[in-house]
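Undergrad: Coordinates in query.txt, compact mmCIF, C-alpha atoms, are listed below.
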# COMPACT_ATOMS: atom_id res chain seq x y z
CA MET A 288 7.10 11.00 30.63
CA ALA A 289 3.83 12.76 29.69
CA ASN A 290 5.03 15.98 31.36
CA LEU A 291 8.35 15.70 29.50
CA GLU A 292 6.48 15.26 26.22
CA LYS A 293 4.44 18.42 26.89
CA ILE A 294 7.58 20.44 27.73
CA ILE A 295 9.24 19.33 24.49
CA ASP A 296 6.08 19.86 22.39
CA ASP A 297 5.76 23.41 23.72
CA ALA A 298 9.40 24.17 22.84
CA LEU A 299 9.01 22.72 19.32
CA MET A 300 5.90 24.79 18.52
CA SER A 301 7.92 27.96 18.07
CA PHE A 302 10.06 26.23 15.44
CA SER A 303 7.12 24.67 13.54
CA LEU A 304 8.51 21.20 14.25
CA GLU A 305 6.86 18.09 15.69
CA LEU A 306 7.98 15.55 18.23
CA VAL A 307 8.44 12.02 16.85
CA GLU A 308 9.92 10.15 19.79
CA ILE A 309 11.67 10.55 23.15
CA GLU A 310 14.20 8.00 24.40
CA ARG A 311 15.84 7.81 27.78
CA ALA A 312 19.11 5.90 27.64
CA PRO A 313 21.63 4.84 30.30
CA ARG A 314 23.81 7.42 32.05
CA GLY A 315 21.26 10.21 31.78
CA LEU A 316 21.10 10.45 28.00
CA LEU A 317 17.91 12.02 26.68
CA ARG A 318 17.28 11.61 22.94
CA VAL A 319 14.67 13.69 21.17
CA PHE A 320 13.67 12.95 17.56
CA ILE A 321 12.02 15.78 15.67
CA ASP A 322 10.50 16.17 12.21
CA ARG A 323 8.88 18.79 10.04
CA PRO A 324 5.17 18.51 9.31
CA GLU A 325 4.27 16.88 5.99
CA GLY A 326 5.24 18.93 2.99
CA LYS A 327 7.43 21.35 4.96
CA GLY A 328 10.83 19.92 4.01
CA PHE A 329 13.41 18.11 6.09
CA VAL A 330 14.99 18.68 9.50
CA THR A 331 18.34 20.44 9.19
CA VAL A 332 21.41 20.51 11.44
CA GLU A 333 20.51 24.11 12.27
CA ASP A 334 17.02 23.00 13.38
CA CYS A 335 18.56 20.42 15.71
CA SER A 336 20.98 22.98 17.12
CA LYS A 337 18.24 25.56 17.77
CA VAL A 338 15.96 22.98 19.38
CA SER A 339 18.81 21.65 21.52
CA ASN A 340 19.56 25.15 22.86
CA GLN A 341 15.87 25.84 23.53
CA LEU A 342 15.32 22.46 25.21
CA SER A 343 18.42 22.83 27.40
CA HIS A 344 16.91 25.98 28.90
CA ALA A 345 13.35 24.61 29.11
CA LEU A 346 14.43 21.34 30.75
CA THR A 347 16.57 23.20 33.29
CA VAL A 348 13.69 25.53 34.20
CA GLU A 349 11.32 22.54 34.53
CA ASN A 350 13.92 20.67 36.63
CA VAL A 351 14.05 17.62 34.33
CA ASP A 352 16.80 15.19 35.29
CA TYR A 353 19.21 14.37 32.44
CA GLU A 354 22.97 14.45 31.84
CA ARG A 355 23.20 14.80 28.04
CA LEU A 356 20.72 15.85 25.38
CA GLU A 357 20.70 14.65 21.76
CA VAL A 358 18.33 16.16 19.22
CA SER A 359 18.09 14.63 15.75
CA SER A 360 15.85 13.84 12.81
CA PRO A 361 14.05 10.48 12.88
CA GLY A 362 16.14 9.19 9.97
CA LEU A 363 15.16 7.15 6.94
CA ASP A 364 13.78 4.34 9.11
CA ARG A 365 11.42 6.69 10.96
CA VAL A 366 9.25 5.19 13.66
CA LEU A 367 5.47 5.37 13.11
CA LYS A 368 3.22 5.57 16.15
CA THR A 369 0.03 7.48 15.48
CA CYS A 370 -2.74 7.29 12.88
CA ARG A 371 -1.43 10.62 11.59
CA ASP A 372 2.03 9.03 11.05
CA PHE A 373 0.54 6.08 9.15
CA SER A 374 -1.66 8.39 7.03
CA ARG A 375 1.30 10.60 6.20
CA PHE A 376 3.33 7.65 4.94
CA ARG A 377 0.51 5.78 3.15
CA GLY A 378 1.94 3.85 0.20
CA GLN A 379 5.34 3.44 1.87
CA PRO A 380 6.93 0.12 2.90
CA VAL A 381 7.16 -0.57 6.65
CA ARG A 382 8.46 -3.22 9.02
CA VAL A 383 5.88 -4.03 11.69
CA ARG A 384 6.12 -5.91 15.00
CA LEU A 385 2.83 -6.70 16.77
CA ASN A 386 2.16 -7.45 20.43
CA THR A 387 -0.49 -10.05 19.49
CA MET A 388 -0.75 -12.64 16.72
CA VAL A 389 -2.60 -11.53 13.57
CA GLU A 390 -2.86 -13.83 10.53
CA ASN A 391 -0.55 -16.29 12.37
CA ARG A 392 2.31 -13.80 12.63
CA LYS A 393 3.67 -11.11 14.89
CA ARG A 394 6.13 -9.58 12.40
CA PHE A 395 5.82 -8.65 8.76
CA ASP A 396 6.94 -6.19 6.12
CA GLY A 397 4.25 -4.51 4.07
CA VAL A 398 3.00 -1.34 2.45
CA ILE A 399 0.57 0.96 4.27
CA SER A 400 -2.59 0.80 2.20
CA GLY A 401 -5.21 2.35 4.46
CA VAL A 402 -5.76 4.11 7.78
CA GLU A 403 -9.01 4.47 9.68
CA GLU A 404 -9.79 5.79 13.18
CA ASP A 405 -7.83 3.22 15.17
CA SER A 406 -6.70 0.66 12.58
CA VAL A 407 -4.12 0.37 9.83
CA THR A 408 -4.28 -1.86 6.75
CA PHE A 409 -1.11 -3.21 5.16
CA LEU A 410 -0.56 -4.88 1.81
CA VAL A 411 1.67 -7.88 2.51
CA SER A 412 3.23 -10.22 -0.04
CA ASP A 413 2.10 -13.81 0.59
CA GLY A 414 5.32 -15.26 -0.78
CA GLU A 415 8.38 -13.56 0.68
CA GLU A 416 6.59 -11.39 3.25
CA SER A 417 8.94 -8.56 2.49
CA ALA A 418 8.20 -5.01 1.43
CA LYS A 419 11.37 -5.22 -0.65
CA ALA A 420 9.86 -8.17 -2.54
CA ILE A 421 6.63 -6.20 -2.92
CA GLY A 422 8.61 -3.42 -4.60
CA LYS A 423 10.56 -5.69 -6.99
CA SER A 424 7.67 -7.23 -8.89
CA GLY A 425 7.16 -4.26 -11.18
CA LYS A 426 3.35 -4.49 -10.87
CA SER A 427 1.49 -1.61 -9.34
CA LYS A 428 -2.00 -0.94 -8.09
CA LYS A 429 -3.84 2.16 -6.89
CA VAL A 430 -4.56 1.92 -3.17
CA MET A 431 -6.32 4.85 -1.46
CA GLY A 432 -5.11 7.29 -4.11
CA LYS A 433 -1.45 6.22 -4.09
CA THR A 434 0.34 3.71 -6.26
CA VAL A 435 1.91 0.77 -4.45
CA SER A 436 3.71 -2.20 -5.92
CA LEU A 437 2.39 -5.73 -5.51
CA GLY A 438 4.26 -8.99 -5.24
CA SER A 439 4.09 -11.56 -8.01
CA ASP A 440 1.33 -13.42 -6.17
CA GLY A 441 -0.77 -10.28 -5.75
CA GLY A 442 -0.31 -10.04 -1.98
CA LYS A 443 -2.99 -9.79 0.68
CA THR A 444 -4.15 -7.20 3.16
CA VAL A 445 -3.64 -7.38 6.91
CA CYS A 446 -5.68 -5.04 9.11
CA VAL A 447 -4.55 -4.38 12.69
CA LYS A 448 -5.66 -2.08 15.48
CA LEU A 449 -3.21 0.67 16.39
CA GLY A 450 -2.95 -0.78 19.91
CA GLN A 451 -1.73 -4.10 18.50
CA ILE A 452 1.33 -2.47 16.91
CA GLU A 453 4.31 -2.76 19.21
CA LYS A 454 6.70 -1.08 16.77
CA ALA A 455 6.52 0.10 13.16
CA ARG A 456 9.33 1.67 11.14
CA LEU A 457 9.66 2.84 7.57
CA ILE A 458 11.87 0.66 5.38
CA PRO A 459 14.39 3.02 3.74
CA GLN A 460 14.06 3.24 -0.05
CA ILE A 461 17.43 4.17 -1.51
Would you mind writing the structure in this file as structure tokens?

TA:
Amino acid sequence: MANLEKIIDDALMSFSLELVEIERAPRGLLRVFIDRPEGKGFVTVEDCSKVSNQLSHALTVENVDYERLEVSSPGLDRVLKTCRDFSRFRGQPVRVRLNTMVENRKRFDGVISGVEEDSVTFLVSDGEESAKAIGKSGKSKKVMGKTVSLGSDGGKTVCVKLGQIEKARLIPQI
């Protein structure tokens, strides 16, 4: 998988795009999720088409086994994996699933309030434990230069190591 990631990263460089995630699905389906760097706009259908054509050639040359290729944007519920991802979306609500218990829970919704070398801090509502509830209170507080909303009980912070995060996704704000 590391070699596949390098092949895809190299192909994306020429388009000024970044790799978000690679999925291998049944029947030879290879899914590639791409995004633009922060502040550079959104991924377009044309971007996906160009990347798909480029990857088809690159994967054939590198003899990568797959039947179908899908290239798309990460969507509104984008997955977050790296410290760079969490820093980019600081102040945004996320749904987090941990691989170890922290604060007597493995799952919670919260707002990214801080990122350090290998840890992420979330503001979590004590009451409903939902980032949606955090956003409905109407209160706001400055956290690391961005304004985030707090729940009616003020919320609390939960700090976890990046390695403890099994999966984290943005919660779409529509």

Undergrad: Find the spatial neighbours of stretch 292-294 of chain A, counting all atoms listed in the file, within a cut-off of 12 Å - ignore same-chain residues fewer than 5 positions away - and output them as a list of chain:residue names.

TA: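 The residues satisfying every condition are A:Leu299, A:Met300, A:Glu305, A:Leu306, A:Val307, A:Glu308, A:Ile309, A:Glu310, A:Leu317, A:Arg318, A:Val319, A:Phe320, A:Ile321, A:Gln341, A:Leu342, A:Ser343, A:His344, A:Ala345, A:Leu346, A:Thr347, A:Val348, A:Glu349, A:Asn350, A:Val351.
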
Undergrad: Which value, in Å to one decimal, gives the distance between atom CA of A:Met388 and atom CA of A:Gln451?

TA: 8.8 Å

Undergrad: Rounded to one decimal, what separation in Å do you get between atom CA of A:Ser359 and atom CA of A:Thr331?

TA: 8.8 Å

Undergrad: Using all atoms listed in the file for the distances, tell me which of A:Ser374, A:Val338, A:Leu316, A:Asn391 is nearest to A:Glu354.

TA: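 The closest residue to A:Glu354 is A:Leu316.
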
Undergrad: Quick one, how far is atom CA of A:Lys448 from atom CA of A:Thr408?

TA: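 Rounded to one decimal, the two atoms are 8.8 Å apart.
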
Undergrad: Do you know which residues are at most 10 Å from A:Asp405 counting all atoms listed in the file, after dropping those on the same chain fewer than 4 positions away, and could you put them as a compact mmCIF listing (two decimals) with C-alpha atoms, in the coordinates of the input?

TA:
# COMPACT_ATOMS: atom_id res chain seq x y z
CA THR A 369 0.03 7.48 15.48
CA CYS A 370 -2.74 7.29 12.88
CA VAL A 447 -4.55 -4.38 12.69
CA LYS A 448 -5.66 -2.08 15.48
CA LEU A 449 -3.21 0.67 16.39
CA GLY A 450 -2.95 -0.78 19.91

Undergrad: Around (-6.8, 8.1, 8.4) in the file's frame, which residues reach within 9 Å when counting all atoms listed in the file? Return as a list of chain:residue names?

TA: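 All residues meeting the 9 Å criterion around (-6.8, 8.1, 8.4) are A:Cys370, A:Arg371, A:Phe373, A:Ser374, A:Arg375, A:Gly401, A:Val402, A:Glu403, A:Glu404, A:Asp405, A:Ser406, A:Val407.
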
Undergrad: Using only C-alpha atoms, which residues sit within 8 Å of A:Leu385 once same-chain residues fewer than 4 positions away are excluded, as a VMD selection string?

TA: chain A and resid 389 393 to 394 451 to 454

Undergrad: Convert the current residue selection to file output with C-alpha atoms, as a compact mmCIF listing (two decimals), keeping the file's coordinate frame.

TA:
# COMPACT_ATOMS: atom_id res chain seq x y z
CA VAL A 389 -2.60 -11.53 13.57
CA LYS A 393 3.67 -11.11 14.89
CA ARG A 394 6.13 -9.58 12.40
CA GLN A 451 -1.73 -4.10 18.50
CA ILE A 452 1.33 -2.47 16.91
CA GLU A 453 4.31 -2.76 19.21
CA LYS A 454 6.70 -1.08 16.77

Undergrad: Looking at all atoms listed in the file, which of A:Tyr353, A:Ile461, A:Ser360, A:Asp396 is the one that sits closest to A:Val332?

TA: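 Going through A:Tyr353, A:Ile461, A:Ser360, A:Asp396 one by one, the smallest distance to A:Val332 is for A:Ser360.
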
Undergrad: Using only C-alpha atoms, find the one residue out of A:Val381, A:Asp352, A:Glu390, A:Lys443 that sits nearest to A:Val411.

TA: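 Closest candidate: A:Lys443.
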
Undergrad: Would you mind listing what lies within 8 Å of A:Gln379 as an MDAnalysis selection string, with all atoms listed in the file counted and same-chain residues fewer than 6 positions away left out?

TA: chainID A and resid 398:399 435 457:458

Undergrad: From the block you just saw, export stretch 374-385 of chain A: N, CA, C and O atoms, as a PDB file, in the first residue's frame.

TA:
ATOM      1  N   SER A 374      -5.060  20.344  11.927  1.00  0.00           N
ATOM      2  CA  SER A 374      -4.732  21.776  11.986  1.00  0.00           C
ATOM      3  C   SER A 374      -5.541  22.555  10.964  1.00  0.00           C
ATOM      4  O   SER A 374      -6.051  23.639  11.251  1.00  0.00           O
ATOM      5  N   ARG A 375      -5.648  22.003   9.769  1.00  0.00           N
ATOM      6  CA  ARG A 375      -6.387  22.668   8.692  1.00  0.00           C
ATOM      7  C   ARG A 375      -7.848  22.901   9.057  1.00  0.00           C
ATOM      8  O   ARG A 375      -8.427  23.922   8.717  1.00  0.00           O
ATOM      9  N   PHE A 376      -8.434  21.951   9.791  1.00  0.00           N
ATOM     10  CA  PHE A 376      -9.854  22.042  10.115  1.00  0.00           C
ATOM     11  C   PHE A 376     -10.105  22.397  11.578  1.00  0.00           C
ATOM     12  O   PHE A 376     -11.164  22.098  12.131  1.00  0.00           O
ATOM     13  N   ARG A 377      -9.137  23.081  12.213  1.00  0.00           N
ATOM     14  CA  ARG A 377      -9.298  23.546  13.589  1.00  0.00           C
ATOM     15  C   ARG A 377     -10.552  24.423  13.668  1.00  0.00           C
ATOM     16  O   ARG A 377     -10.815  25.236  12.798  1.00  0.00           O
ATOM     17  N   GLY A 378     -11.344  24.215  14.714  1.00  0.00           N
ATOM     18  CA  GLY A 378     -12.579  24.975  14.889  1.00  0.00           C
ATOM     19  C   GLY A 378     -13.788  24.303  14.264  1.00  0.00           C
ATOM     20  O   GLY A 378     -14.900  24.788  14.405  1.00  0.00           O
ATOM     21  N   GLN A 379     -13.576  23.193  13.567  1.00  0.00           N
ATOM     22  CA  GLN A 379     -14.669  22.482  12.900  1.00  0.00           C
ATOM     23  C   GLN A 379     -15.146  21.299  13.744  1.00  0.00           C
ATOM     24  O   GLN A 379     -14.355  20.669  14.451  1.00  0.00           O
ATOM     25  N   PRO A 380     -16.448  20.960  13.654  1.00  0.00           N
ATOM     26  CA  PRO A 380     -16.966  19.808  14.388  1.00  0.00           C
ATOM     27  C   PRO A 380     -16.582  18.491  13.706  1.00  0.00           C
ATOM     28  O   PRO A 380     -16.581  18.404  12.475  1.00  0.00           O
ATOM     29  N   VAL A 381     -16.222  17.502  14.525  1.00  0.00           N
ATOM     30  CA  VAL A 381     -15.817  16.190  14.023  1.00  0.00           C
ATOM     31  C   VAL A 381     -16.453  15.065  14.837  1.00  0.00           C
ATOM     32  O   VAL A 381     -16.817  15.258  15.993  1.00  0.00           O
ATOM     33  N   ARG A 382     -16.555  13.915  14.206  1.00  0.00           N
ATOM     34  CA  ARG A 382     -16.989  12.691  14.876  1.00  0.00           C
ATOM     35  C   ARG A 382     -15.750  11.811  14.980  1.00  0.00           C
ATOM     36  O   ARG A 382     -15.088  11.531  13.984  1.00  0.00           O
ATOM     37  N   VAL A 383     -15.430  11.382  16.201  1.00  0.00           N
ATOM     38  CA  VAL A 383     -14.184  10.667  16.462  1.00  0.00           C
ATOM     39  C   VAL A 383     -14.469   9.287  17.054  1.00  0.00           C
ATOM     40  O   VAL A 383     -15.321   9.142  17.937  1.00  0.00           O
ATOM     41  N   ARG A 384     -13.747   8.283  16.538  1.00  0.00           N
ATOM     42  CA  ARG A 384     -13.781   6.938  17.124  1.00  0.00           C
ATOM     43  C   ARG A 384     -12.340   6.580  17.495  1.00  0.00           C
ATOM     44  O   ARG A 384     -11.436   6.689  16.679  1.00  0.00           O
ATOM     45  N   LEU A 385     -12.149   6.197  18.768  1.00  0.00           N
ATOM     46  CA  LEU A 385     -10.817   5.889  19.289  1.00  0.00           C
ATOM     47  C   LEU A 385     -10.602   4.382  19.332  1.00  0.00           C
ATOM     48  O   LEU A 385     -11.556   3.612  19.405  1.00  0.00           O
TER      49      LEU A 385
END
